[in-house]
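Colleague: So that you have it, the file is input-v6.csv, and it contains CSV, C-alpha atoms:
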```
chain,number,residue,atom,x,y,z
A,1,MET,CA,-8.2,-26.2,122.7
A,2,PRO,CA,-6.3,-23.4,124.6
A,3,ILE,CA,-5.6,-20.1,123.0
A,4,PRO,CA,-2.4,-20.3,121.0
A,5,VAL,CA,0.6,-18.4,122.3
A,6,SER,CA,3.2,-19.3,119.7
A,7,LYS,CA,3.6,-19.4,116.0
A,8,SER,CA,3.5,-23.2,115.9
A,9,GLU,CA,0.5,-23.4,118.2
A,10,LEU,CA,-1.4,-20.9,116.0
A,11,ILE,CA,-0.6,-22.7,112.8
A,12,ASP,CA,-1.6,-26.0,114.4
A,13,ALA,CA,-4.9,-24.5,115.7
A,14,ILE,CA,-5.8,-23.1,112.3
A,15,ALA,CA,-4.9,-26.3,110.5
A,16,LEU,CA,-6.8,-28.5,113.0
A,17,THR,CA,-10.0,-26.4,113.3
A,18,TYR,CA,-10.1,-25.8,109.6
A,19,GLY,CA,-9.5,-29.4,108.8
A,20,LYS,CA,-12.5,-30.5,110.9
A,21,LEU,CA,-14.7,-27.7,109.5
A,22,LYS,CA,-13.8,-28.6,106.0
A,23,ALA,CA,-14.7,-32.3,106.5
A,24,ASP,CA,-18.2,-31.1,107.7
A,25,LEU,CA,-18.6,-28.6,104.9
A,26,ASP,CA,-17.9,-31.3,102.4
A,27,LEU,CA,-21.1,-33.1,103.6
A,28,VAL,CA,-23.3,-30.1,102.5
A,29,ALA,CA,-25.1,-30.9,99.2
A,30,SER,CA,-24.6,-28.2,96.7
A,31,GLU,CA,-28.4,-28.0,96.1
A,32,GLN,CA,-28.9,-27.3,99.8
A,33,ALA,CA,-26.0,-24.9,100.3
A,34,LYS,CA,-27.9,-21.7,99.6
A,35,LEU,CA,-30.9,-22.5,101.8
A,36,LYS,CA,-31.2,-19.8,104.5
A,37,THR,CA,-32.2,-22.1,107.3
A,38,MET,CA,-29.4,-21.3,109.8
A,39,GLU,CA,-29.3,-18.5,112.4
A,40,GLY,CA,-27.4,-15.6,110.9
A,41,HIS,CA,-24.7,-13.5,112.4
A,42,ALA,CA,-27.0,-10.5,112.9
A,43,LYS,CA,-29.8,-10.9,115.3
A,44,GLY,CA,-33.0,-11.9,113.7
A,45,THR,CA,-31.5,-13.0,110.4
A,46,GLN,CA,-31.1,-16.3,108.6
A,47,MET,CA,-28.2,-17.5,106.6
A,48,SER,CA,-27.2,-20.5,104.5
A,49,PRO,CA,-24.2,-22.7,104.6
A,50,ALA,CA,-22.9,-20.7,101.6
A,51,ASP,CA,-23.3,-17.5,103.6
A,52,LEU,CA,-21.3,-19.1,106.5
A,53,VAL,CA,-18.5,-19.9,104.1
A,54,ALA,CA,-18.6,-16.3,102.7
A,55,TYR,CA,-18.4,-15.0,106.2
A,56,LEU,CA,-15.2,-17.0,106.9
A,57,ILE,CA,-13.7,-15.9,103.6
A,58,GLY,CA,-14.5,-12.3,104.4
A,59,TRP,CA,-12.7,-12.4,107.7
A,60,GLY,CA,-9.8,-14.3,106.3
A,61,GLU,CA,-9.4,-11.7,103.5
A,62,LEU,CA,-9.5,-9.0,106.1
A,63,VAL,CA,-6.7,-10.6,108.0
A,64,LEU,CA,-4.6,-10.6,104.8
A,65,LYS,CA,-5.6,-7.0,104.1
A,66,TRP,CA,-4.7,-5.8,107.6
A,67,ASN,CA,-1.3,-7.5,107.2
A,68,HIS,CA,-0.8,-5.9,103.8
A,69,GLN,CA,-1.7,-2.5,105.1
A,70,ILE,CA,0.6,-2.8,108.1
A,71,GLU,CA,3.5,-4.1,106.0
A,72,ALA,CA,3.1,-1.2,103.6
A,73,GLY,CA,3.4,1.2,106.6
A,74,GLU,CA,-0.3,2.2,106.4
A,75,VAL,CA,-2.8,2.4,109.2
A,76,ALA,CA,-4.8,-0.8,109.1
A,77,THR,CA,-8.5,-0.3,108.9
A,78,PHE,CA,-10.0,-2.4,111.7
A,79,PRO,CA,-12.4,-4.0,111.3
A,80,GLU,CA,-13.2,-2.7,107.8
A,81,ARG,CA,-13.6,0.7,106.1
A,82,GLY,CA,-17.1,1.9,106.8
A,83,TYR,CA,-17.8,-0.5,109.7
A,84,LYS,CA,-17.3,-0.3,113.5
A,85,TRP,CA,-16.7,-3.2,115.8
A,86,ALA,CA,-20.3,-2.7,117.0
A,87,GLU,CA,-21.6,-3.3,113.5
A,88,LEU,CA,-20.2,-6.8,112.8
A,89,GLY,CA,-23.7,-8.1,111.9
A,90,LEU,CA,-23.8,-5.6,109.1
A,91,LEU,CA,-20.3,-6.6,108.0
A,92,ALA,CA,-21.4,-10.2,108.0
A,93,GLN,CA,-24.3,-9.2,105.7
A,94,LYS,CA,-21.7,-7.5,103.4
A,95,PHE,CA,-19.6,-10.7,103.2
A,96,TYR,CA,-22.7,-12.8,102.3
A,97,LYS,CA,-23.5,-10.3,99.5
A,98,ASP,CA,-19.8,-10.2,98.3
A,99,TYR,CA,-19.9,-13.9,97.5
A,100,GLU,CA,-23.5,-14.6,96.8
A,101,ASP,CA,-22.9,-15.2,93.1
A,102,LEU,CA,-20.3,-17.9,93.6
A,103,ALA,CA,-21.4,-21.6,93.5
A,104,PHE,CA,-20.9,-23.5,96.7
A,105,ALA,CA,-17.9,-25.5,95.3
A,106,LYS,CA,-16.2,-22.2,94.3
A,107,LEU,CA,-16.8,-20.8,97.7
A,108,LEU,CA,-15.2,-23.8,99.3
A,109,ASP,CA,-12.2,-23.4,96.9
A,110,LYS,CA,-12.0,-19.7,97.8
A,111,LEU,CA,-12.0,-20.6,101.5
A,112,ASP,CA,-9.2,-23.2,101.0
A,113,GLU,CA,-7.2,-20.5,99.1
A,114,THR,CA,-7.7,-17.9,101.8
A,115,VAL,CA,-6.7,-20.3,104.6
A,116,SER,CA,-3.6,-21.4,102.6
A,117,LYS,CA,-2.6,-17.8,102.2
A,118,ILE,CA,-3.0,-17.1,105.9
A,119,LEU,CA,-0.9,-20.2,106.8
A,120,SER,CA,1.7,-19.2,104.3
A,121,LEU,CA,1.8,-15.7,105.7
A,122,LEU,CA,2.3,-17.1,109.3
A,123,SER,CA,5.0,-19.5,108.1
A,124,GLU,CA,7.0,-16.6,106.7
A,125,LYS,CA,6.9,-14.6,110.0
A,126,THR,CA,8.9,-15.1,113.1
A,127,ASN,CA,7.3,-15.9,116.4
A,128,GLU,CA,8.4,-12.5,117.6
A,129,GLU,CA,6.5,-10.8,114.6
A,130,ILE,CA,3.4,-12.8,115.4
A,131,TYR,CA,3.3,-12.7,119.2
A,132,GLY,CA,6.0,-10.2,120.3
A,133,VAL,CA,4.6,-6.9,119.0
A,134,VAL,CA,1.2,-5.1,119.2
A,135,TRP,CA,-0.7,-5.3,115.9
A,136,TYR,CA,-4.0,-3.7,116.9
A,137,LYS,CA,-4.6,-1.8,120.2
A,138,HIS,CA,-3.2,-4.3,122.7
A,139,TYR,CA,-3.5,-7.4,120.6
A,140,SER,CA,-0.7,-9.2,118.8
A,141,MET,CA,-0.9,-10.4,115.2
A,142,GLY,CA,-1.3,-13.9,116.5
A,143,ARG,CA,-4.3,-13.1,118.7
A,144,MET,CA,-6.0,-11.1,115.9
A,145,VAL,CA,-5.4,-13.9,113.5
A,146,GLN,CA,-6.7,-16.5,116.0
A,147,LEU,CA,-9.8,-14.4,116.7
A,148,ASN,CA,-10.6,-14.3,112.9
A,149,THR,CA,-9.6,-17.8,111.8
A,150,ALA,CA,-9.4,-20.7,114.3
A,151,ALA,CA,-12.0,-19.3,116.7
A,152,PRO,CA,-14.7,-18.7,114.0
A,153,TYR,CA,-13.8,-22.0,112.3
A,154,LYS,CA,-14.7,-23.8,115.6
A,155,ASN,CA,-17.9,-21.8,115.9
A,156,ALA,CA,-18.8,-22.4,112.2
A,157,ARG,CA,-18.3,-26.1,112.7
A,158,THR,CA,-20.8,-26.1,115.6
A,159,ARG,CA,-23.3,-24.3,113.4
A,160,ILE,CA,-22.8,-26.5,110.3
A,161,ARG,CA,-22.9,-29.7,112.4
A,162,LYS,CA,-26.2,-28.6,113.8
A,163,TRP,CA,-27.5,-27.6,110.4
A,164,LEU,CA,-26.4,-31.1,109.0
A,165,ARG,CA,-28.4,-32.8,111.8
A,166,GLU,CA,-31.5,-30.8,111.0
A,167,ASN,CA,-31.3,-30.8,107.2
A,168,VAL,CA,-29.6,-33.9,105.9
```
Please go through the file and, once you have read it, give me the structure as structure tokens.
Modeller:
Amino acid sequence: MPIPVSKSELIDAIALTYGKLKADLDLVASEQAKLKTMEGHAKGTQMSPADLVAYLIGWGELVLKWNHQIEAGEVATFPERGYKWAELGLLAQKFYKDYEDLAFAKLLDKLDETVSKILSLLSEKTNEEIYGVVWYKHYSMGRMVQLNTAAPYKNARTRIRKWLRENV
């Protein structure tokens, strides 16, 4: 799938990649969801399907937070307060910890909710707001959203499909 360059392409890319991922996540048995048998986001670490979902929630929530900060006239904190772009493995570990107490079904509900909020946000914006202005450094909002939604959903689907082949 090519990189989206318009509002409608971005919404379609998120909906398509998330729909496919969701179908695969629904195949994970809740009793296996917290088994750390998948390569983690930080080198040399292991994660569970639940951690993978927490990671996606974390990035989705950051997208919403960045938008809120920008709309409030604040300087958005990219990627997150206390983290540098070179420390994304540490940020992934934070996301795992943030949601470790939620049952897998609740994590899936939270991810659905986060994706819905992002799609709603995009639907309320114009194509110009999404792709016509710089949001971070030289990136448009659309590109930053794509890099933190559709792209990781595709990667997560590859990971979860491999995990399902090996564990189910």
Colleague: To one decimal place in Å, what is the distance between CA of Lys125 in chain A and CA of Gly82 in chain A?
Modeller: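 For CA of Lys125 in chain A relative to CA of Gly82 in chain A, the distance reads 29.3 Å.
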Colleague: Excluding Asp24 in chain A and any residue of its chain fewer than 2 positions from it, enumerate the residues within 10 Å of it, using all atoms listed in the file, and give them as a ChimeraX atom specification.
Modeller: /A:18-22,26-28,156-158,160-161,164
Colleague: Rank nothing, just name the residue among A:Lys110, A:His138, A:Arg143, A:Arg159 nearest to Ile57 in chain A, using all atoms listed in the file.
Modeller: A:Lys110
Colleague: Separation of CA of Ala72 in chain A and CA of Ser123 in chain A, in Å?
Modeller: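 Taking CA of Ala72 in chain A as the start and CA of Ser123 in chain A as the end point, the length is 18.9 Å.
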Colleague: Which value, in Å to one decimal, gives the distance between CA of Lys162 in chain A and CA of Ala92 in chain A?
Modeller: 19.9 Å
Colleague: If you count all atoms listed in the file, which residues fall within 12 Å of Ile118 in chain A, apart from same-chain ones fewer than 5 positions away, as JSON, numbers by chain?
Modeller: {"A": [10, 11, 14, 15, 18, 57, 59, 60, 61, 62, 63, 64, 65, 66, 67, 68, 111, 112, 113, 123, 124, 125, 141, 142, 145, 146, 148, 149, 150]}
Colleague: Residues of the last selection are to be written out with C-alpha atoms, as an mmCIF file, in the frame of the given file.
Modeller:
```cif
data_model
loop_
_atom_site.group_PDB
_atom_site.id
_atom_site.type_symbol
_atom_site.label_atom_id
_atom_site.label_comp_id
_atom_site.auth_asym_id
_atom_site.auth_seq_id
_atom_site.Cartn_x
_atom_site.Cartn_y
_atom_site.Cartn_z
ATOM 1 C CA LEU A 10 -1.400 -20.900 116.000
ATOM 2 C CA ILE A 11 -0.600 -22.700 112.800
ATOM 3 C CA ILE A 14 -5.800 -23.100 112.300
ATOM 4 C CA ALA A 15 -4.900 -26.300 110.500
ATOM 5 C CA TYR A 18 -10.100 -25.800 109.600
ATOM 6 C CA ILE A 57 -13.700 -15.900 103.600
ATOM 7 C CA TRP A 59 -12.700 -12.400 107.700
ATOM 8 C CA GLY A 60 -9.800 -14.300 106.300
ATOM 9 C CA GLU A 61 -9.400 -11.700 103.500
ATOM 10 C CA LEU A 62 -9.500 -9.000 106.100
ATOM 11 C CA VAL A 63 -6.700 -10.600 108.000
ATOM 12 C CA LEU A 64 -4.600 -10.600 104.800
ATOM 13 C CA LYS A 65 -5.600 -7.000 104.100
ATOM 14 C CA TRP A 66 -4.700 -5.800 107.600
ATOM 15 C CA ASN A 67 -1.300 -7.500 107.200
ATOM 16 C CA HIS A 68 -0.800 -5.900 103.800
ATOM 17 C CA LEU A 111 -12.000 -20.600 101.500
ATOM 18 C CA ASP A 112 -9.200 -23.200 101.000
ATOM 19 C CA GLU A 113 -7.200 -20.500 99.100
ATOM 20 C CA SER A 123 5.000 -19.500 108.100
ATOM 21 C CA GLU A 124 7.000 -16.600 106.700
ATOM 22 C CA LYS A 125 6.900 -14.600 110.000
ATOM 23 C CA MET A 141 -0.900 -10.400 115.200
ATOM 24 C CA GLY A 142 -1.300 -13.900 116.500
ATOM 25 C CA VAL A 145 -5.400 -13.900 113.500
ATOM 26 C CA GLN A 146 -6.700 -16.500 116.000
ATOM 27 C CA ASN A 148 -10.600 -14.300 112.900
ATOM 28 C CA THR A 149 -9.600 -17.800 111.800
ATOM 29 C CA ALA A 150 -9.400 -20.700 114.300
#
```
Colleague: Identify the residues within 12 Å of coordinate (-21.9, -5.4, 106.6) (same frame as the file), considering all atoms listed in the file, and give the answer as number ranges by chain.
Modeller: A: 41-42, 55, 58-59, 79-98
Colleague: Up to 6 Å from (-22.4, -16.0, 101.2) in the file's coordinates: name the residues, counting all atoms listed in the file, as a PDB file with C-alpha atoms, in the frame of the given file.
Modeller:
```pdb
ATOM      1  CA  ALA A  50     -22.900 -20.700 101.600  1.00  0.00           C
ATOM      2  CA  ASP A  51     -23.300 -17.500 103.600  1.00  0.00           C
ATOM      3  CA  ALA A  54     -18.600 -16.300 102.700  1.00  0.00           C
ATOM      4  CA  TYR A  96     -22.700 -12.800 102.300  1.00  0.00           C
ATOM      5  CA  TYR A  99     -19.900 -13.900  97.500  1.00  0.00           C
ATOM      6  CA  GLU A 100     -23.500 -14.600  96.800  1.00  0.00           C
TER       7      GLU A 100
END
```
Colleague: Pick the closest to Ala103 in chain A from A:Glu31, A:Glu129, A:Glu166, A:Glu39: which is it, counting only C-alpha atoms?
Modeller: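 Checking each of A:Glu31, A:Glu129, A:Glu166, A:Glu39 against Ala103 in chain A, counting only C-alpha atoms, the winner is A:Glu31.
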Colleague: So that I can see what lies close to Ala105 in chain A, please list as a VMD selection string the residues with an atom at most 8 Å from it, counting only C-alpha atoms and leaving out residues fewer than 3 positions away in the same chain.
Modeller: chain A and resid 30 108 to 109
Colleague: Measuring atom to atom with all atoms listed in the file, identify which of A:Trp135, A:Trp163, A:Tyr153, A:Phe78 is nearest to Val115 in chain A.
Modeller: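 Among the listed residues, the smallest separation from Val115 in chain A belongs to A:Tyr153.
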